[in-house]
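Note sheet for the following structure.
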Amino acid sequence: MPDPSRSTNVSPTAHYTGYVWARHGLGHPSFATPEGRLLFTIGRPALALSRAVGGPTLEGLLLARHRVIDHQLQTAITAGKVTQIIEIAAGLSPRGWRYAKQYGSRIRYIEADLPGMAARKRTLLAAVGSHGSEHHRVADIDAFATAGPASLPGIAATLDPEQGTAIITEGLINYFPLPAVTALWSQIAQTLHDFPQGLYLSDLHLAVENRSPLIQAGVRLLSAFVRGRVHLHFGSTDEAIQALQDVGFDTALLHSPADFATTFRECRDPAARLVRIVEATVTVNR
């Protein structure tokens with residue numbers, strides 16, 4: 001199995017998603033990189049064709065999953081359960097920038113990614129005046145390392161152990177084989193056990209919801225796009241929930257963004273039915 005920590009396969013998608021989010025006002029215009037604009041332009045005919053026949057779109061999927069992850073995280077912050085967030089493989093996600101503006105010193109937000117992407121994100125954030133404070137920063141991470149300052153435990157050790165903490169992996173899980181995913185989930189669950197309350201949020205694609213020929217063709221296209229296989233690890237919701245509980249989460253839910261269609265217009269795209277949002281928790285009695 002290739003070393004996931006050294007993979008650069010997801011870099012094109014980071015540019016594409018950053019452009020989509022900025023295009024819809026979710027991120028600063030600076031996050032719309034030239035690479036992202038080019039990739040979006042190349043994919044525009046396929047997007048228009050699918051939309052014309054009432055089919056799912058990659059743009060719709062990205063927006064739906066982002067909105068629902070935001071909703072779950074904001075709910076936890078509002079309820080006082082979470083004040084610290086680590087976003088693994090943050091890429092060009094606008095979430096850290098937006099949350100730093102919205103919540104200020106009430107939260108601490110760490111965006112974590114491989115060194116090359118992390119350096120680029122620092123430059124972009126510095127240009128818009130949002131980086132380097134105690135409450136919002138970018139960290140280098142090897143998400144599959146078990147120790148050291150660039151490991152998840154090492155980054156988490158810089159946070160307040162008395163505050164509820166959330167860890168996010170958006171757009172990451174389906175690019176790695178199941179053993180790597182369960183190892184990462186186990187590390188996330190163990191890390192969250194160091195805090196009084198822990199929340200894990202992610203997107204996940206289930207095989208049972210992605211079986212149509214059109215979707216399978218899309219999966220093959222995306223695999224070619226990222227120069228690596230896109231994995232559909234679980235056949236059902238129950239399988240995914242059991243896997244999350246097996247690695248140490250106390251509770252696990254899989255939300256369908258389509259169920260939020262009346263709340264968020266982004267969740268009305270047919271693609272909202274092709275992805276699930278993981279909400280897994282850890283509660284430590286102290």
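Letters A, B, ... mark the chains of the structure tokens in the order given; residue numbers begin at 1 per chain; ligand numbers begin at 1, in order shown.
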Using only C-alpha atoms, I'd like a table of the residues in segment 7-111 of chain A that come within 6 Å of segment 263-275 of chain A; for each, show the closest atom pair and its distance in Å rounded to one decimal, ordered by chain and ascending number, as CSV.
```
residue,atom,partner,partner_atom,distance
A:Pro56,CA,A:Ala271,CA,4.3
A:Thr57,CA,A:Ala271,CA,5.9
A:Gly60,CA,A:Asp269,CA,5.5
A:Leu61,CA,A:Ala271,CA,4.9
A:Leu63,CA,A:Glu266,CA,5.8
A:Ala64,CA,A:Cys267,CA,4.7
```
Can you list every residue in segment 16-156 of chain A that DSSP puts in alpha helix (DSSP H), as a CSV table (one decimal) with C-alpha atoms, in the first residue's frame?
```
chain,number,residue,atom,x,y,z
A,16,TYR,CA,-11.0,22.7,-7.8
A,17,THR,CA,-12.9,22.7,-4.5
A,18,GLY,CA,-11.3,26.0,-3.5
A,19,TYR,CA,-12.5,27.6,-6.7
A,20,VAL,CA,-16.1,26.2,-6.3
A,21,TRP,CA,-16.4,27.5,-2.7
A,22,ALA,CA,-15.0,30.9,-3.7
A,23,ARG,CA,-17.3,31.0,-6.7
A,34,PRO,CA,-5.6,29.9,-11.4
A,35,GLU,CA,-5.3,26.1,-11.2
A,36,GLY,CA,-8.8,25.8,-9.8
A,37,ARG,CA,-10.2,28.1,-12.4
A,38,LEU,CA,-8.6,26.1,-15.2
A,39,LEU,CA,-9.9,22.7,-13.8
A,40,PHE,CA,-13.4,24.2,-13.4
A,41,THR,CA,-13.4,25.5,-16.9
A,42,ILE,CA,-12.4,22.1,-18.3
A,43,GLY,CA,-15.1,20.4,-16.4
A,44,ARG,CA,-17.9,22.9,-17.1
A,45,PRO,CA,-19.3,21.1,-20.2
A,46,ALA,CA,-19.8,17.9,-18.3
A,47,LEU,CA,-21.3,19.8,-15.4
A,48,ALA,CA,-23.7,21.6,-17.7
A,49,LEU,CA,-24.8,18.4,-19.5
A,50,SER,CA,-25.5,16.6,-16.2
A,51,ARG,CA,-27.5,19.5,-14.9
A,52,ALA,CA,-29.5,19.8,-18.1
A,58,LEU,CA,-19.6,17.6,-8.7
A,59,GLU,CA,-20.2,21.2,-7.9
A,60,GLY,CA,-23.5,20.4,-6.2
A,61,LEU,CA,-21.9,17.6,-4.2
A,62,LEU,CA,-19.1,19.8,-2.9
A,63,LEU,CA,-21.5,22.6,-1.8
A,64,ALA,CA,-23.9,20.2,-0.2
A,65,ARG,CA,-21.3,18.4,1.9
A,66,HIS,CA,-19.6,21.7,2.9
A,67,ARG,CA,-22.9,23.2,4.1
A,68,VAL,CA,-23.9,20.2,6.2
A,69,ILE,CA,-20.5,19.9,7.8
A,70,ASP,CA,-20.7,23.6,8.6
A,71,HIS,CA,-24.1,23.1,10.1
A,72,GLN,CA,-23.1,20.3,12.4
A,73,LEU,CA,-19.9,22.2,13.5
A,74,GLN,CA,-21.8,25.4,14.2
A,75,THR,CA,-24.4,23.5,16.2
A,76,ALA,CA,-21.7,22.1,18.4
A,77,ILE,CA,-20.0,25.5,18.9
A,78,THR,CA,-23.3,27.2,19.7
A,95,ARG,CA,-13.9,27.3,6.7
A,96,GLY,CA,-11.0,28.4,8.9
A,97,TRP,CA,-11.0,31.9,7.4
A,98,ARG,CA,-14.8,32.2,7.8
A,99,TYR,CA,-14.8,30.8,11.4
A,100,ALA,CA,-11.9,33.1,12.4
A,101,LYS,CA,-14.0,36.0,11.2
A,102,GLN,CA,-17.2,34.8,12.8
A,103,TYR,CA,-16.1,33.6,16.2
A,115,PRO,CA,3.9,21.0,3.9
A,116,GLY,CA,3.5,22.2,0.3
A,117,MET,CA,-0.2,23.0,0.5
A,118,ALA,CA,0.2,24.3,4.1
A,119,ALA,CA,2.8,26.8,2.8
A,120,ARG,CA,0.5,28.0,0.1
A,121,LYS,CA,-2.4,28.4,2.5
A,122,ARG,CA,-0.3,30.5,4.8
A,123,THR,CA,0.6,32.8,2.0
A,124,LEU,CA,-3.0,33.2,0.9
A,125,LEU,CA,-4.3,33.8,4.5
A,126,ALA,CA,-1.5,36.3,5.2
A,127,ALA,CA,-2.6,38.2,2.1
A,152,LEU,CA,-2.3,14.6,14.8
A,153,PRO,CA,-1.4,13.9,18.5
A,154,GLY,CA,1.4,16.4,18.3
A,155,ILE,CA,-0.9,19.2,17.0
A,156,ALA,CA,-3.6,18.3,19.4
```
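Here the strand (DSSP E or B) residues in segment 123-158 of chain A, by DSSP on the backbone, are Ser133, His136, Arg137, Val138, Ala139 and Asp140 of chain A.
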Which residue of A:Ala112, A:Leu244, A:Thr169, A:Val284 approaches Ile141 of chain A most closely, using only C-alpha atoms: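 Counting only C-alpha atoms, the residue closest to Ile141 of chain A is A:Ala112.
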Selection near segment 198-204 of chain A, 7 Å with only C-alpha atoms, sequence-local residues under 5 positions removed, as a PyMOL selection string: chain A and resi 65+69+164-171+173-174+192-193+275-283
Selected residues written out, N, CA, C and O atoms, as a PDB file, in the first residue's frame:
```
ATOM      1  N   ARG A  65     -22.056  18.961   0.797  1.00  0.00           N
ATOM      2  CA  ARG A  65     -21.309  18.385   1.917  1.00  0.00           C
ATOM      3  C   ARG A  65     -20.714  19.488   2.793  1.00  0.00           C
ATOM      4  O   ARG A  65     -20.683  19.376   4.023  1.00  0.00           O
ATOM      5  N   ILE A  69     -21.552  19.918   6.860  1.00  0.00           N
ATOM      6  CA  ILE A  69     -20.468  19.876   7.839  1.00  0.00           C
ATOM      7  C   ILE A  69     -20.441  21.181   8.633  1.00  0.00           C
ATOM      8  O   ILE A  69     -20.302  21.178   9.860  1.00  0.00           O
ATOM      9  N   GLY A 164     -13.718  21.270  24.630  1.00  0.00           N
ATOM     10  CA  GLY A 164     -14.237  20.372  23.611  1.00  0.00           C
ATOM     11  C   GLY A 164     -13.593  20.644  22.261  1.00  0.00           C
ATOM     12  O   GLY A 164     -13.349  21.797  21.903  1.00  0.00           O
ATOM     13  N   THR A 165     -13.323  19.577  21.522  1.00  0.00           N
ATOM     14  CA  THR A 165     -12.534  19.695  20.298  1.00  0.00           C
ATOM     15  C   THR A 165     -13.182  18.920  19.153  1.00  0.00           C
ATOM     16  O   THR A 165     -13.716  17.831  19.352  1.00  0.00           O
ATOM     17  N   ALA A 166     -13.124  19.496  17.960  1.00  0.00           N
ATOM     18  CA  ALA A 166     -13.631  18.837  16.758  1.00  0.00           C
ATOM     19  C   ALA A 166     -12.480  18.596  15.794  1.00  0.00           C
ATOM     20  O   ALA A 166     -11.553  19.401  15.692  1.00  0.00           O
ATOM     21  N   ILE A 167     -12.547  17.483  15.089  1.00  0.00           N
ATOM     22  CA  ILE A 167     -11.606  17.173  14.020  1.00  0.00           C
ATOM     23  C   ILE A 167     -12.418  16.936  12.750  1.00  0.00           C
ATOM     24  O   ILE A 167     -13.417  16.224  12.773  1.00  0.00           O
ATOM     25  N   ILE A 168     -11.975  17.555  11.658  1.00  0.00           N
ATOM     26  CA  ILE A 168     -12.690  17.477  10.380  1.00  0.00           C
ATOM     27  C   ILE A 168     -11.789  16.879   9.319  1.00  0.00           C
ATOM     28  O   ILE A 168     -10.604  17.244   9.219  1.00  0.00           O
ATOM     29  N   THR A 169     -12.318  15.960   8.527  1.00  0.00           N
ATOM     30  CA  THR A 169     -11.648  15.511   7.302  1.00  0.00           C
ATOM     31  C   THR A 169     -12.666  15.616   6.171  1.00  0.00           C
ATOM     32  O   THR A 169     -13.506  14.757   6.002  1.00  0.00           O
ATOM     33  N   GLU A 170     -12.600  16.690   5.426  1.00  0.00           N
ATOM     34  CA  GLU A 170     -13.524  16.872   4.295  1.00  0.00           C
ATOM     35  C   GLU A 170     -12.789  16.597   2.998  1.00  0.00           C
ATOM     36  O   GLU A 170     -11.731  17.155   2.735  1.00  0.00           O
ATOM     37  N   GLY A 171     -13.358  15.713   2.164  1.00  0.00           N
ATOM     38  CA  GLY A 171     -12.760  15.427   0.873  1.00  0.00           C
ATOM     39  C   GLY A 171     -11.492  14.608   0.946  1.00  0.00           C
ATOM     40  O   GLY A 171     -10.651  14.699   0.050  1.00  0.00           O
ATOM     41  N   ILE A 173     -11.290  11.054   2.889  1.00  0.00           N
ATOM     42  CA  ILE A 173     -11.409   9.639   3.225  1.00  0.00           C
ATOM     43  C   ILE A 173     -11.446   8.728   2.003  1.00  0.00           C
ATOM     44  O   ILE A 173     -10.799   7.666   1.987  1.00  0.00           O
ATOM     45  N   ASN A 174     -12.176   9.099   0.976  1.00  0.00           N
ATOM     46  CA  ASN A 174     -12.380   8.178  -0.145  1.00  0.00           C
ATOM     47  C   ASN A 174     -11.183   8.049  -1.081  1.00  0.00           C
ATOM     48  O   ASN A 174     -11.233   7.286  -2.042  1.00  0.00           O
ATOM     49  N   LEU A 192      -9.207  12.464  20.314  1.00  0.00           N
ATOM     50  CA  LEU A 192     -10.352  13.148  20.912  1.00  0.00           C
ATOM     51  C   LEU A 192     -10.623  12.697  22.344  1.00  0.00           C
ATOM     52  O   LEU A 192     -11.246  13.425  23.126  1.00  0.00           O
ATOM     53  N   HIS A 193     -10.156  11.523  22.704  1.00  0.00           N
ATOM     54  CA  HIS A 193     -10.314  11.055  24.087  1.00  0.00           C
ATOM     55  C   HIS A 193      -9.500  11.899  25.076  1.00  0.00           C
ATOM     56  O   HIS A 193      -9.696  11.792  26.293  1.00  0.00           O
ATOM     57  N   VAL A 275     -23.692  11.349  -1.094  1.00  0.00           N
ATOM     58  CA  VAL A 275     -22.668  11.503  -0.070  1.00  0.00           C
ATOM     59  C   VAL A 275     -23.333  11.498   1.302  1.00  0.00           C
ATOM     60  O   VAL A 275     -24.493  11.886   1.443  1.00  0.00           O
ATOM     61  N   ARG A 276     -22.620  11.019   2.293  1.00  0.00           N
ATOM     62  CA  ARG A 276     -23.084  11.076   3.676  1.00  0.00           C
ATOM     63  C   ARG A 276     -22.107  11.915   4.494  1.00  0.00           C
ATOM     64  O   ARG A 276     -20.910  11.983   4.199  1.00  0.00           O
ATOM     65  N   ILE A 277     -22.632  12.539   5.538  1.00  0.00           N
ATOM     66  CA  ILE A 277     -21.808  13.315   6.457  1.00  0.00           C
ATOM     67  C   ILE A 277     -21.702  12.549   7.767  1.00  0.00           C
ATOM     68  O   ILE A 277     -22.711  12.267   8.423  1.00  0.00           O
ATOM     69  N   VAL A 278     -20.489  12.201   8.110  1.00  0.00           N
ATOM     70  CA  VAL A 278     -20.209  11.478   9.349  1.00  0.00           C
ATOM     71  C   VAL A 278     -20.227  12.459  10.513  1.00  0.00           C
ATOM     72  O   VAL A 278     -19.587  13.510  10.477  1.00  0.00           O
ATOM     73  N   GLU A 279     -20.965  12.105  11.551  1.00  0.00           N
ATOM     74  CA  GLU A 279     -20.938  12.837  12.833  1.00  0.00           C
ATOM     75  C   GLU A 279     -20.688  11.805  13.921  1.00  0.00           C
ATOM     76  O   GLU A 279     -21.597  11.056  14.308  1.00  0.00           O
ATOM     77  N   ALA A 280     -19.449  11.720  14.372  1.00  0.00           N
ATOM     78  CA  ALA A 280     -19.078  10.749  15.393  1.00  0.00           C
ATOM     79  C   ALA A 280     -18.570  11.474  16.629  1.00  0.00           C
ATOM     80  O   ALA A 280     -17.902  12.514  16.517  1.00  0.00           O
ATOM     81  N   THR A 281     -18.887  10.952  17.801  1.00  0.00           N
ATOM     82  CA  THR A 281     -18.531  11.675  19.025  1.00  0.00           C
ATOM     83  C   THR A 281     -17.802  10.785  20.022  1.00  0.00           C
ATOM     84  O   THR A 281     -17.910   9.553  20.009  1.00  0.00           O
ATOM     85  N   VAL A 282     -17.065  11.463  20.871  1.00  0.00           N
ATOM     86  CA  VAL A 282     -16.389  10.840  22.005  1.00  0.00           C
ATOM     87  C   VAL A 282     -16.674  11.716  23.213  1.00  0.00           C
ATOM     88  O   VAL A 282     -16.535  12.945  23.156  1.00  0.00           O
ATOM     89  N   THR A 283     -17.114  11.119  24.289  1.00  0.00           N
ATOM     90  CA  THR A 283     -17.369  11.846  25.532  1.00  0.00           C
ATOM     91  C   THR A 283     -16.562  11.202  26.640  1.00  0.00           C
ATOM     92  O   THR A 283     -16.653  10.000  26.874  1.00  0.00           O
TER      93      THR A 283
END
```
Close residues, Ser186 of chain A itself excluded, 10 Å, only C-alpha atoms, min 6 positions apart in chain, as a list in words: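 Result of the neighbour search: Ala180, Leu192, Ala243, Leu244, Gln245, Asp246, Val247, Gly248 and Phe249 of chain A.
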Can you spit out the residues from that selection as a PDB file, in the first residue's frame, using all heavy atoms?
```
ATOM      1  N   ALA A 180      -6.042   2.160   5.682  1.00  0.00           N
ATOM      2  CA  ALA A 180      -5.554   3.504   6.013  1.00  0.00           C
ATOM      3  C   ALA A 180      -6.651   4.337   6.662  1.00  0.00           C
ATOM      4  O   ALA A 180      -6.398   5.101   7.608  1.00  0.00           O
ATOM      5  CB  ALA A 180      -5.034   4.199   4.756  1.00  0.00           C
ATOM      6  N   LEU A 192      -9.207  12.464  20.314  1.00  0.00           N
ATOM      7  CA  LEU A 192     -10.352  13.148  20.912  1.00  0.00           C
ATOM      8  C   LEU A 192     -10.623  12.697  22.344  1.00  0.00           C
ATOM      9  O   LEU A 192     -11.246  13.425  23.126  1.00  0.00           O
ATOM     10  CB  LEU A 192     -11.598  12.943  20.046  1.00  0.00           C
ATOM     11  CG  LEU A 192     -11.579  13.683  18.700  1.00  0.00           C
ATOM     12  CD1 LEU A 192     -12.796  13.302  17.867  1.00  0.00           C
ATOM     13  CD2 LEU A 192     -11.529  15.195  18.908  1.00  0.00           C
ATOM     14  N   ALA A 243     -17.954   0.357  11.823  1.00  0.00           N
ATOM     15  CA  ALA A 243     -16.517   0.587  11.705  1.00  0.00           C
ATOM     16  C   ALA A 243     -16.063   1.754  12.573  1.00  0.00           C
ATOM     17  O   ALA A 243     -14.997   1.690  13.211  1.00  0.00           O
ATOM     18  CB  ALA A 243     -16.153   0.843  10.242  1.00  0.00           C
ATOM     19  N   LEU A 244     -16.853   2.812  12.623  1.00  0.00           N
ATOM     20  CA  LEU A 244     -16.512   3.964  13.465  1.00  0.00           C
ATOM     21  C   LEU A 244     -16.553   3.600  14.940  1.00  0.00           C
ATOM     22  O   LEU A 244     -15.681   4.006  15.722  1.00  0.00           O
ATOM     23  CB  LEU A 244     -17.480   5.114  13.176  1.00  0.00           C
ATOM     24  CG  LEU A 244     -17.264   5.836  11.839  1.00  0.00           C
ATOM     25  CD1 LEU A 244     -18.526   6.541  11.383  1.00  0.00           C
ATOM     26  CD2 LEU A 244     -16.108   6.833  11.955  1.00  0.00           C
ATOM     27  N   GLN A 245     -17.530   2.830  15.337  1.00  0.00           N
ATOM     28  CA  GLN A 245     -17.620   2.416  16.740  1.00  0.00           C
ATOM     29  C   GLN A 245     -16.505   1.436  17.095  1.00  0.00           C
ATOM     30  O   GLN A 245     -15.983   1.461  18.207  1.00  0.00           O
ATOM     31  CB  GLN A 245     -18.993   1.804  17.008  1.00  0.00           C
ATOM     32  CG  GLN A 245     -20.121   2.826  16.933  1.00  0.00           C
ATOM     33  CD  GLN A 245     -21.502   2.220  17.087  1.00  0.00           C
ATOM     34  OE1 GLN A 245     -21.711   1.038  16.808  1.00  0.00           O
ATOM     35  NE2 GLN A 245     -22.460   3.023  17.521  1.00  0.00           N
ATOM     36  N   ASP A 246     -16.110   0.606  16.150  1.00  0.00           N
ATOM     37  CA  ASP A 246     -15.055  -0.370  16.404  1.00  0.00           C
ATOM     38  C   ASP A 246     -13.713   0.284  16.701  1.00  0.00           C
ATOM     39  O   ASP A 246     -12.883  -0.293  17.414  1.00  0.00           O
ATOM     40  CB  ASP A 246     -14.901  -1.317  15.209  1.00  0.00           C
ATOM     41  CG  ASP A 246     -16.029  -2.336  15.105  1.00  0.00           C
ATOM     42  OD1 ASP A 246     -16.786  -2.488  16.086  1.00  0.00           O
ATOM     43  OD2 ASP A 246     -16.154  -2.964  14.037  1.00  0.00           O
ATOM     44  N   VAL A 247     -13.472   1.486  16.144  1.00  0.00           N
ATOM     45  CA  VAL A 247     -12.181   2.144  16.368  1.00  0.00           C
ATOM     46  C   VAL A 247     -12.208   3.087  17.566  1.00  0.00           C
ATOM     47  O   VAL A 247     -11.193   3.732  17.860  1.00  0.00           O
ATOM     48  CB  VAL A 247     -11.711   2.915  15.115  1.00  0.00           C
ATOM     49  CG1 VAL A 247     -11.518   1.965  13.951  1.00  0.00           C
ATOM     50  CG2 VAL A 247     -12.677   4.048  14.760  1.00  0.00           C
ATOM     51  N   GLY A 248     -13.370   3.216  18.249  1.00  0.00           N
ATOM     52  CA  GLY A 248     -13.351   3.965  19.492  1.00  0.00           C
ATOM     53  C   GLY A 248     -14.309   5.116  19.639  1.00  0.00           C
ATOM     54  O   GLY A 248     -14.319   5.780  20.687  1.00  0.00           O
ATOM     55  N   PHE A 249     -15.132   5.384  18.634  1.00  0.00           N
ATOM     56  CA  PHE A 249     -16.126   6.441  18.802  1.00  0.00           C
ATOM     57  C   PHE A 249     -17.306   5.916  19.612  1.00  0.00           C
ATOM     58  O   PHE A 249     -17.742   4.773  19.438  1.00  0.00           O
ATOM     59  CB  PHE A 249     -16.612   6.948  17.439  1.00  0.00           C
ATOM     60  CG  PHE A 249     -15.575   7.743  16.696  1.00  0.00           C
ATOM     61  CD1 PHE A 249     -14.845   7.165  15.669  1.00  0.00           C
ATOM     62  CD2 PHE A 249     -15.318   9.060  17.037  1.00  0.00           C
ATOM     63  CE1 PHE A 249     -13.878   7.893  14.991  1.00  0.00           C
ATOM     64  CE2 PHE A 249     -14.347   9.796  16.377  1.00  0.00           C
ATOM     65  CZ  PHE A 249     -13.623   9.206  15.338  1.00  0.00           C
TER      66      PHE A 249
END
```
A:His135, A:Leu232, A:Ala150, A:Asp194 ranked by distance to Leu178 of chain A, top pick (using only C-alpha atoms):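 Using only C-alpha atoms, the shortest distance to Leu178 of chain A belongs to A:Leu232.
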Between atom CA of Ser236 of chain A and atom CA of Gln187 of chain A, distance in Å (one decimal):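 Computing the Euclidean distance for atom CA of Ser236 of chain A and atom CA of Gln187 of chain A yields 23.0 Å.
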Interatomic distance (Å, one decimal) between atom CA of Ile241 of chain A and atom CA of His205 of chain A: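 A separation of 12.7 Å between them.
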